file my_file36.cif (mmCIF, C-alpha atoms)
data_coords
#
loop_
_atom_site.label_atom_id
_atom_site.label_comp_id
_atom_site.auth_asym_id
_atom_site.auth_seq_id
_atom_site.Cartn_x
_atom_site.Cartn_y
_atom_site.Cartn_z
CA MET A 1 -3.10 15.48 0.67
CA LEU A 2 -6.26 14.15 -0.98
CA LEU A 3 -6.61 15.69 -4.44
CA GLU A 4 -9.80 13.95 -5.53
CA ALA A 5 -12.01 11.04 -4.51
CA GLY A 6 -14.46 9.35 -6.84
CA ALA A 7 -17.48 7.19 -6.22
CA PRO A 8 -16.99 3.42 -5.85
CA ARG A 9 -17.18 1.69 -9.22
CA VAL A 10 -17.00 -1.82 -10.58
CA LEU A 11 -13.74 -2.58 -12.38
CA GLY A 12 -11.85 -5.66 -13.38
CA ALA A 13 -11.77 -8.75 -15.51
CA ALA A 14 -14.52 -11.31 -15.07
CA SER A 15 -12.00 -14.13 -15.50
CA GLU A 16 -8.21 -14.62 -15.40
CA PRO A 17 -7.19 -11.23 -13.94
CA TRP A 18 -3.51 -10.32 -13.84
CA LEU A 19 -3.81 -9.43 -10.14
CA ARG A 20 -6.22 -10.58 -7.47
CA PHE A 21 -6.52 -10.84 -3.71
CA GLY A 22 -7.42 -14.30 -2.47
CA GLU A 23 -6.89 -17.24 -0.16
CA GLU A 24 -4.67 -20.26 -0.61
CA THR A 25 -6.04 -23.73 0.03
CA LYS A 26 -6.15 -24.22 3.76
CA LYS A 27 -3.98 -26.89 5.31
CA GLU A 28 -5.54 -29.82 7.15
CA GLY A 29 -6.45 -28.85 10.69
CA THR A 30 -6.54 -25.09 10.00
CA TRP A 31 -9.66 -22.95 9.72
CA ALA A 32 -8.43 -20.71 6.90
CA GLY A 33 -5.82 -20.59 4.17
CA ARG A 34 -3.07 -18.03 3.87
CA ARG A 35 -4.32 -14.67 2.63
CA VAL A 36 -2.34 -13.54 -0.42
CA LEU A 37 -2.01 -11.13 -3.30
CA MET A 38 -1.74 -13.16 -6.50
CA VAL A 39 -0.04 -12.02 -9.71
CA ASN A 40 -0.57 -14.27 -12.71
CA GLU A 41 -1.87 -16.85 -10.24
CA ARG A 42 1.40 -16.90 -8.32
CA PRO A 43 1.56 -15.73 -4.68
CA ALA A 44 3.25 -12.32 -4.73
CA PHE A 45 2.60 -11.11 -1.18
CA GLU A 46 1.43 -12.77 1.99
CA LEU A 47 -1.09 -10.51 3.72
CA SER A 48 -2.43 -10.05 7.24
CA PHE A 49 -4.15 -13.17 8.56
CA TRP A 50 -7.93 -13.25 8.69
CA CYS A 51 -8.28 -13.20 12.50
CA GLY A 52 -8.47 -9.40 12.82
CA THR A 53 -6.50 -9.40 16.08
CA CYS A 54 -3.29 -10.60 14.41
CA GLN A 55 -0.68 -8.00 13.54
CA PHE A 56 -0.73 -6.38 10.13
CA VAL A 57 1.72 -7.67 7.53
CA PHE A 58 2.68 -7.68 3.89
CA ARG A 59 5.47 -10.11 3.05
CA ARG A 60 7.05 -10.35 -0.38
CA LEU A 61 6.97 -13.78 -2.02
CA GLU A 62 8.54 -15.17 -5.19
CA GLY A 63 5.62 -14.09 -7.39
CA ALA A 64 6.43 -10.40 -6.81
CA ASN A 65 8.76 -10.05 -9.78
CA GLU A 66 7.04 -7.67 -12.22
CA GLY A 67 5.13 -4.42 -12.27
CA GLY A 68 1.92 -3.70 -14.11
CA SER A 69 2.84 -0.74 -16.31
CA ILE A 70 0.85 0.04 -19.45
CA GLN A 71 3.20 1.38 -22.10
CA GLU A 72 0.54 3.43 -23.91
CA LEU A 73 -0.10 5.48 -20.74
CA GLN A 74 3.49 6.33 -19.84
CA ASP A 75 3.50 9.81 -21.38
CA ARG A 76 0.20 10.73 -19.74
CA LEU A 77 1.33 9.49 -16.32
CA GLY A 78 4.71 11.17 -16.77
CA ASP A 79 3.03 14.52 -17.43
CA GLY A 80 0.72 13.83 -14.51
CA LEU A 81 -3.02 13.61 -14.02
CA ARG A 82 -5.10 16.70 -13.32
CA GLY A 83 -7.91 14.63 -11.84
CA LEU A 84 -9.45 11.18 -11.87
CA ASP A 85 -9.10 10.14 -15.50
CA ASP A 86 -11.28 7.31 -16.80
CA ASP A 87 -8.86 6.77 -19.68
CA VAL A 88 -6.28 5.75 -17.07
CA ILE A 89 -8.53 4.12 -14.47
CA GLU A 90 -10.24 1.74 -16.87
CA PRO A 91 -7.11 0.16 -18.43
CA PHE A 92 -5.46 -0.42 -15.04
CA GLY A 93 -8.76 -1.62 -13.61
CA ALA A 94 -9.01 -4.20 -16.38
CA ALA A 95 -5.93 -5.98 -14.95
CA LEU A 96 -7.65 -6.51 -11.59
CA ALA A 97 -10.15 -9.07 -10.36
CA ARG A 98 -13.75 -8.03 -10.87
CA GLY A 99 -14.96 -6.02 -7.91
CA GLU A 100 -15.76 -2.61 -6.49
CA TYR A 101 -12.96 -0.06 -6.19
CA LEU A 102 -12.84 3.47 -4.80
CA PRO A 103 -10.61 5.69 -6.99
CA LEU A 104 -8.46 8.21 -5.12
CA LEU A 105 -5.93 10.72 -6.40
CA LEU A 106 -3.39 11.47 -3.67
CA ALA A 107 -0.40 13.74 -3.28
CA ILE A 108 2.38 11.88 -1.46
CA HIS A 109 5.86 12.51 -0.08
CA PRO A 110 7.33 8.99 -0.07
CA ARG A 111 10.03 7.97 2.36
CA LEU A 112 11.91 4.75 1.58
CA VAL A 113 12.50 2.50 4.59
CA SER A 114 14.16 -0.88 4.93
CA PRO A 115 13.18 -3.71 7.29
CA VAL A 116 14.52 -3.43 10.84
CA LEU A 117 16.16 -0.03 10.19
CA GLU A 118 15.01 3.44 11.24
CA GLY A 119 11.41 4.19 10.33
CA ASP A 120 10.40 0.55 9.83
CA TYR A 121 6.78 0.26 11.01
CA PHE A 122 7.17 -3.45 11.76
CA ALA A 123 10.17 -2.95 14.05
CA HIS A 124 8.76 0.09 15.86
CA GLU A 125 5.04 0.97 15.95
CA GLN A 126 3.87 -2.61 15.53
CA VAL A 127 6.19 -3.95 18.23
CA GLN A 128 4.98 -1.24 20.61
CA THR A 129 1.49 -2.75 20.35
CA TRP A 130 1.89 -6.47 19.60
CA GLY A 131 5.44 -7.09 20.81
CA VAL A 132 7.71 -9.38 18.79
CA ASP A 133 6.54 -12.59 17.14
CA GLY A 134 5.86 -15.18 19.82
CA PHE A 135 7.60 -18.01 17.96
CA TRP A 136 10.53 -16.30 16.25
CA GLY A 137 11.12 -13.67 18.93
CA LEU A 138 11.56 -11.06 16.16
CA PRO A 139 9.46 -8.33 14.50
CA GLU A 140 7.47 -9.16 11.38
CA TYR A 141 9.73 -9.04 8.32
CA PRO A 142 8.27 -7.79 5.00
CA ARG A 143 11.20 -9.02 2.84
CA THR A 144 11.24 -5.78 0.86
CA PRO A 145 12.02 -2.11 1.27
CA TYR A 146 8.82 -0.06 1.09
CA TYR A 147 7.62 3.53 1.27
CA ARG A 148 5.89 5.32 4.11
CA THR A 149 3.80 8.25 2.97
CA PHE A 150 1.19 9.37 5.51
CA GLU A 151 -0.31 8.73 8.92
CA THR A 152 -2.98 10.29 11.08
CA ALA A 153 -5.25 9.57 14.02
CA VAL A 154 -8.56 7.92 13.20
CA ASP A 155 -9.86 8.62 16.70
CA ALA A 156 -8.58 8.29 20.26
CA ALA A 157 -8.30 4.50 19.93
CA ALA A 158 -7.08 4.05 16.33
CA HIS A 159 -4.36 5.34 14.01
CA LEU A 160 -4.02 5.19 10.21
CA TYR A 161 -0.72 4.19 8.63
CA GLU A 162 -0.15 4.38 4.87
CA PHE A 163 2.36 2.32 2.88
CA VAL A 164 3.33 2.07 -0.79
CA VAL A 165 4.71 -1.38 -1.54
CA PRO A 166 6.74 -1.87 -4.74
CA MET A 167 6.00 -5.03 -6.70
CA VAL A 168 9.74 -5.25 -7.40
CA PRO A 169 12.42 -3.92 -5.02
CA PRO A 170 13.93 -0.47 -5.68
CA SER A 171 17.32 -2.12 -6.28
CA TRP A 172 15.88 -3.42 -9.57
CA ASN A 173 15.20 0.11 -10.85
CA GLU A 174 17.33 1.54 -13.64
CA ARG A 175 19.67 4.14 -12.09
CA ALA A 176 19.67 6.45 -15.12
CA ARG A 177 15.87 6.54 -15.21
CA VAL A 178 15.67 7.34 -11.50
CA ARG A 179 18.11 10.25 -11.93
CA GLU A 180 16.13 11.52 -14.92
CA LEU A 181 12.94 11.54 -12.87
CA GLU A 182 14.64 13.25 -9.93
CA THR A 183 15.34 16.13 -12.31
CA ALA A 184 11.78 16.09 -13.70
CA LEU A 185 10.30 16.30 -10.20
CA THR A 186 12.11 19.59 -9.55
CA SER A 187 9.79 21.30 -12.04
CA SER A 188 6.51 19.42 -11.48
CA ASN A 189 4.84 17.51 -8.67
CA ARG A 190 2.19 15.98 -10.92
CA PRO A 191 3.92 12.85 -12.32
CA THR A 192 1.61 10.04 -11.26
CA ALA A 193 2.09 6.48 -10.03
CA VAL A 194 -0.71 3.90 -9.96
CA ALA A 195 -1.56 1.31 -7.30
CA VAL A 196 -4.22 -1.16 -6.22
CA SER A 197 -4.95 -0.75 -2.54
CA ILE A 198 -6.55 -2.40 0.48
CA LEU A 199 -7.39 -1.33 4.02
CA ASP A 200 -6.61 -3.78 6.84
CA VAL A 201 -7.90 -2.85 10.29
CA CYS A 202 -6.07 -4.82 12.98
CA GLN A 203 -7.32 -4.62 16.58
CA PRO A 204 -4.99 -6.36 19.06
CA ALA A 205 -6.59 -8.70 21.59
CA ASN A 206 -4.24 -7.22 24.19
CA ALA A 207 -1.24 -4.93 24.13
CA ILE A 208 1.74 -7.17 24.70
CA GLY A 209 3.94 -4.24 23.79
CA GLY A 210 2.06 -1.92 26.14
CA ASP A 211 0.60 0.55 23.62
CA TYR A 212 -2.97 -0.56 22.83
CA TYR A 213 -4.82 0.89 19.85
CA ALA A 214 -6.19 -0.27 16.49
CA HIS A 215 -3.91 -0.04 13.48
CA TRP A 216 -5.58 0.97 10.21
CA ALA A 217 -3.14 -0.02 7.46
CA LEU A 218 -3.80 1.53 4.06
CA THR A 219 -1.52 -0.37 1.69
CA HIS A 220 -0.94 0.59 -1.95
CA PHE A 221 0.63 -2.16 -4.08
CA LEU A 222 2.44 -0.33 -6.84
CA LEU A 223 1.42 -1.18 -10.40
CA ASP A 224 3.16 1.66 -12.23
CA GLY A 225 5.71 4.22 -11.08
CA HIS A 226 8.51 2.27 -9.42
CA HIS A 227 11.15 4.68 -10.73
CA LYS A 228 9.00 7.71 -9.84
CA LEU A 229 8.61 6.62 -6.21
CA GLU A 230 12.32 6.11 -5.73
CA ALA A 231 13.12 9.42 -7.44
CA ALA A 232 10.68 11.28 -5.18
CA ALA A 233 12.07 9.58 -2.06
CA ASN A 234 15.67 10.34 -3.07
CA SER A 235 14.96 14.00 -3.77
CA GLY A 236 12.37 14.68 -1.05
CA ARG A 237 9.84 15.67 -3.70
CA GLN A 238 6.09 15.24 -3.93
CA LEU A 239 4.30 13.25 -6.63
CA GLN A 240 0.80 11.91 -7.23
CA LEU A 241 -0.61 8.44 -6.64
CA LEU A 242 -3.73 7.10 -8.31
CA SER A 243 -5.12 4.49 -5.92
CA LEU A 244 -7.78 1.94 -6.83
CA LEU A 245 -8.91 1.01 -3.31
CA SER A 246 -10.78 -2.28 -3.10
CA THR A 247 -13.91 -2.00 -0.97
CA ALA A 248 -14.11 -5.76 -0.31
CA ASP A 249 -10.61 -7.28 -0.24
CA GLY A 250 -9.23 -5.72 2.93
CA LEU A 251 -9.83 -6.69 6.55
CA SER A 252 -12.23 -3.79 6.94
CA SER A 253 -15.88 -2.91 6.59
CA THR A 254 -17.34 -0.85 3.77
CA ASP A 255 -17.99 1.91 6.32
CA GLN A 256 -14.32 1.95 7.30
CA VAL A 257 -13.22 2.08 3.66
CA ALA A 258 -15.69 4.94 3.09
CA ARG A 259 -13.88 6.96 5.78
CA ILE A 260 -10.54 6.89 3.94
CA PRO A 261 -11.12 10.00 1.76
CA GLN A 262 -11.96 12.09 4.84
CA LEU A 263 -9.03 10.69 6.83
CA ARG A 264 -6.65 11.12 3.92
CA ALA A 265 -7.67 14.78 3.59
CA ARG A 266 -6.37 15.56 7.08
CA ARG A 267 -3.00 16.97 7.94
CA PRO A 268 -0.49 14.24 8.83
CA GLN A 269 -0.27 13.39 12.51
CA VAL A 270 2.60 11.17 13.66
CA ARG A 271 1.82 9.02 16.67
CA HIS A 272 5.38 8.04 17.58
CA ALA A 273 7.65 10.88 16.50
CA GLU A 274 10.72 9.24 18.04
CA THR A 275 10.49 6.25 15.64
CA SER A 276 9.10 7.99 12.54
CA ALA A 277 11.71 10.30 11.07
#

call {"tool": "encode", "arguments": {"input": "my_file36.cif", "output": "structure tokens"}}
result
Amino acid sequence: MLLEAGAPRVLGAASEPWLRFGEETKKEGTWAGRRVLMVNERPAFELSFWCGTCQFVFRRLEGANEGGSIQELQDRLGDGLRGLDDDVIEPFGAALARGEYLPLLLAIHPRLVSPVLEGDYFAHEQVQTWGVDGFWGLPEYPRTPYYRTFETAVDAAAHLYEFVVPMVPPSWNERARVRELETALTSSNRPTAVAVSILDVCQPANAIGGDYYAHWALTHFLLDGHHKLEAAANSGRQLQLLSLLSTADGLSSTDQVARIPQLRARRPQVRHAETSA
């Protein structure tokens, strides 16, 4: 469910941001460097390659070892936002690279999945379109559990998949805090997590796996709310997600990003029910 969408706005630090999307120095003989999410100037996630026909990916790297919580906002986020709150957006935005972001307040029902197991997008939906990796002979491997939250048709030739990716794995969460939040979510669905997000649109050159369509991947990298997400997934409860969606850092056009609020307001529509529990 889409609770509220704002207008695109400029956020971020002009220099030395805590988090930024970027490109590593390209190797000799290659036309582009590896696309990455950087945290404190260390590669935290490898992202989908620039080609646009390559399969979508996020792959955890050694720099993904801390969240981006702001202690002064914990009570407000724990109580939950009632709308897009500038007093929350601006402090989190200040940790990001300077750019334009579309603020969204979403209601989500997260489902925790692990690589290769049931519900893993990379082992199921992606393989059905791209097949397995041509060199390794295996599906893409994200190196982290992650959350699936929503999907719907974009049109007859494209489908939107939504992911929430923790900056640290759920196994690092404090068990007592997760249990405490499981109890809190029984009385309120407004506790709010915060993420910076990108949209990658991947159009396969051909359907090696036999199921040809474009994959729109809306990926939320979790800044705050790691315990909340696990608690909601464990208990089957709903919570809120404040997304700061970059309009320029994904493999997508500004027009495609502008469609996200309308797509996110739809009822979920699962393309492959047999692989998406």

call {"tool": "residues_near_point", "arguments": {"input": "my_file36.cif", "point": "(-8.2, 9.9, 14.6)", "cutoff": "12 Å", "atoms": "all atoms listed in the file", "output": "PyMOL selection string"}}
result
chain A and resi 151-161+213-216+259-260+262-264+266-271

call {"tool": "residues_near_point", "arguments": {"input": "my_file36.cif", "point": "(7.5, -2.7, -15.8)", "cutoff": "9 Å", "atoms": "only C-alpha atoms", "output": "ChimeraX atom specification"}}
result
/A:66-71,223-226

call {"tool": "closest_residue", "arguments": {"input": "my_file36.cif", "among": "A:Leu11, A:Val178, A:Leu222, A:Val201", "to": "A:Val165", "atoms": "only C-alpha atoms"}}
result
A:Leu222

call {"tool": "resolve_selection", "arguments": {"input": "my_file36.cif", "expression": "the PyMOL selection byres ((chain A and resi 133) around 12)", "output": "ChimeraX atom specification"}}
result
/A:54-57,122-123,126-132,134-141,208-209

call {"tool": "write_last_selection", "arguments": {"input": "my_file36.cif", "atoms": "C-alpha atoms", "output": "compact mmCIF listing (two decimals), in the frame of the given file"}}
result
# COMPACT_ATOMS: atom_id res chain seq x y z
CA CYS A 54 -3.29 -10.60 14.41
CA GLN A 55 -0.68 -8.00 13.54
CA PHE A 56 -0.73 -6.38 10.13
CA VAL A 57 1.72 -7.67 7.53
CA PHE A 122 7.17 -3.45 11.76
CA ALA A 123 10.17 -2.95 14.05
CA GLN A 126 3.87 -2.61 15.53
CA VAL A 127 6.19 -3.95 18.23
CA GLN A 128 4.98 -1.24 20.61
CA THR A 129 1.49 -2.75 20.35
CA TRP A 130 1.89 -6.47 19.60
CA GLY A 131 5.44 -7.09 20.81
CA VAL A 132 7.71 -9.38 18.79
CA GLY A 134 5.86 -15.18 19.82
CA PHE A 135 7.60 -18.01 17.96
CA TRP A 136 10.53 -16.30 16.25
CA GLY A 137 11.12 -13.67 18.93
CA LEU A 138 11.56 -11.06 16.16
CA PRO A 139 9.46 -8.33 14.50
CA GLU A 140 7.47 -9.16 11.38
CA TYR A 141 9.73 -9.04 8.32
CA ILE A 208 1.74 -7.17 24.70
CA GLY A 209 3.94 -4.24 23.79

call {"tool": "residues_around", "arguments": {"input": "my_file36.cif", "residues": "A:Glu182", "least_positions_apart": "6", "cutoff": "8 Å", "atoms": "only C-alpha atoms", "output": "list of chain:residue names"}}
result
A:Lys228, A:Ala231, A:Ala232, A:Asn234, A:Ser235

call {"tool": "resolve_selection", "arguments": {"input": "my_file36.cif", "expression": "the PyMOL selection byres ((chain A and resi 250) around 12)", "output": "NGL selection string"}}
result
:A and (20-22 or 35-37 or 47-50 or 52 or 56 or 100-101 or 196-202 or 216-220 or 245-249 or 251-254 or 256-257)

call {"tool": "resolve_selection", "arguments": {"input": "my_file36.cif", "expression": "the PyMOL selection byres ((chain A and resi 163) around 6)", "output": "number ranges by chain"}}
result
A: 147-148, 162, 164, 219

call {"tool": "write_last_selection", "arguments": {"input": "my_file36.cif", "atoms": "C-alpha atoms", "output": "PDB file, keeping the file's coordinate frame"}}
result
ATOM      1  CA  TYR A 147       7.620   3.530   1.270  1.00  0.00           C
ATOM      2  CA  ARG A 148       5.890   5.320   4.110  1.00  0.00           C
ATOM      3  CA  GLU A 162      -0.150   4.380   4.870  1.00  0.00           C
ATOM      4  CA  VAL A 164       3.330   2.070  -0.790  1.00  0.00           C
ATOM      5  CA  THR A 219      -1.520  -0.370   1.690  1.00  0.00           C
TER       6      THR A 219
END

call {"tool": "residues_around", "arguments": {"input": "my_file36.cif", "residues": "A:Pro145", "least_positions_apart": "4", "cutoff": "10 Å", "atoms": "only C-alpha atoms", "output": "number ranges by chain"}}
result
A: 60, 112-116, 120, 164-166, 168-171

call {"tool": "closest_residue", "arguments": {"input": "my_file36.cif", "among": "A:Arg237, A:Ala195, A:Gly119, A:Leu104", "to": "A:Leu3", "atoms": "all atoms listed in the file"}}
result
A:Leu104

call {"tool": "closest_residue", "arguments": {"input": "my_file36.cif", "among": "A:Asp87, A:Glu180, A:Asp211, A:Asp255", "to": "A:His227", "atoms": "only C-alpha atoms"}}
result
A:Glu180

call {"tool": "atom_distance", "arguments": {"input": "my_file36.cif", "atom1": "atom CA of A:Arg42", "atom2": "atom CA of A:Gly63"}}
result
5.2 Å

call {"tool": "closest_residue", "arguments": {"input": "my_file36.cif", "among": "A:Ala193, A:Leu239, A:Ala265, A:Leu61", "to": "A:Gln74", "atoms": "all atoms listed in the file"}}
result
A:Ala193

call {"tool": "atom_distance", "arguments": {"input": "my_file36.cif", "atom1": "atom CA of A:Leu2", "atom2": "atom CA of A:Thr186"}}
result
21.0 Å

call {"tool": "residues_around", "arguments": {"input": "my_file36.cif", "residues": "A:Ile89", "least_positions_apart": "4", "cutoff": "10 Å", "atoms": "only C-alpha atoms", "output": "short mmCIF file (atom, residue, chain, number, x, y, z; two decimals) with C-alpha atoms, in the frame of the given file"}}
result
data_model
loop_
_atom_site.label_atom_id
_atom_site.label_comp_id
_atom_site.auth_asym_id
_atom_site.auth_seq_id
_atom_site.Cartn_x
_atom_site.Cartn_y
_atom_site.Cartn_z
CA LEU A 11 -13.74 -2.58 -12.38
CA LEU A 84 -9.45 11.18 -11.87
CA ASP A 85 -9.10 10.14 -15.50
CA GLY A 93 -8.76 -1.62 -13.61
CA ALA A 94 -9.01 -4.20 -16.38
CA PRO A 103 -10.61 5.69 -6.99
CA VAL A 194 -0.71 3.90 -9.96
CA LEU A 242 -3.73 7.10 -8.31
CA SER A 243 -5.12 4.49 -5.92
CA LEU A 244 -7.78 1.94 -6.83
#

call {"tool": "atom_distance", "arguments": {"input": "my_file36.cif", "atom1": "atom CA of A:Gln238", "atom2": "atom CA of A:Ala107"}}
result
6.7 Å

call {"tool": "residues_around", "arguments": {"input": "my_file36.cif", "residues": "A:Glu16", "least_positions_apart": "4", "cutoff": "10 Å", "atoms": "only C-alpha atoms", "output": "number ranges by chain"}}
result
A: 12, 20, 40-41, 95-98

call {"tool": "closest_residue", "arguments": {"input": "my_file36.cif", "among": "A:Pro204, A:Gly236, A:Gly33, A:Pro261", "to": "A:Leu105", "atoms": "only C-alpha atoms"}}
result
A:Pro261
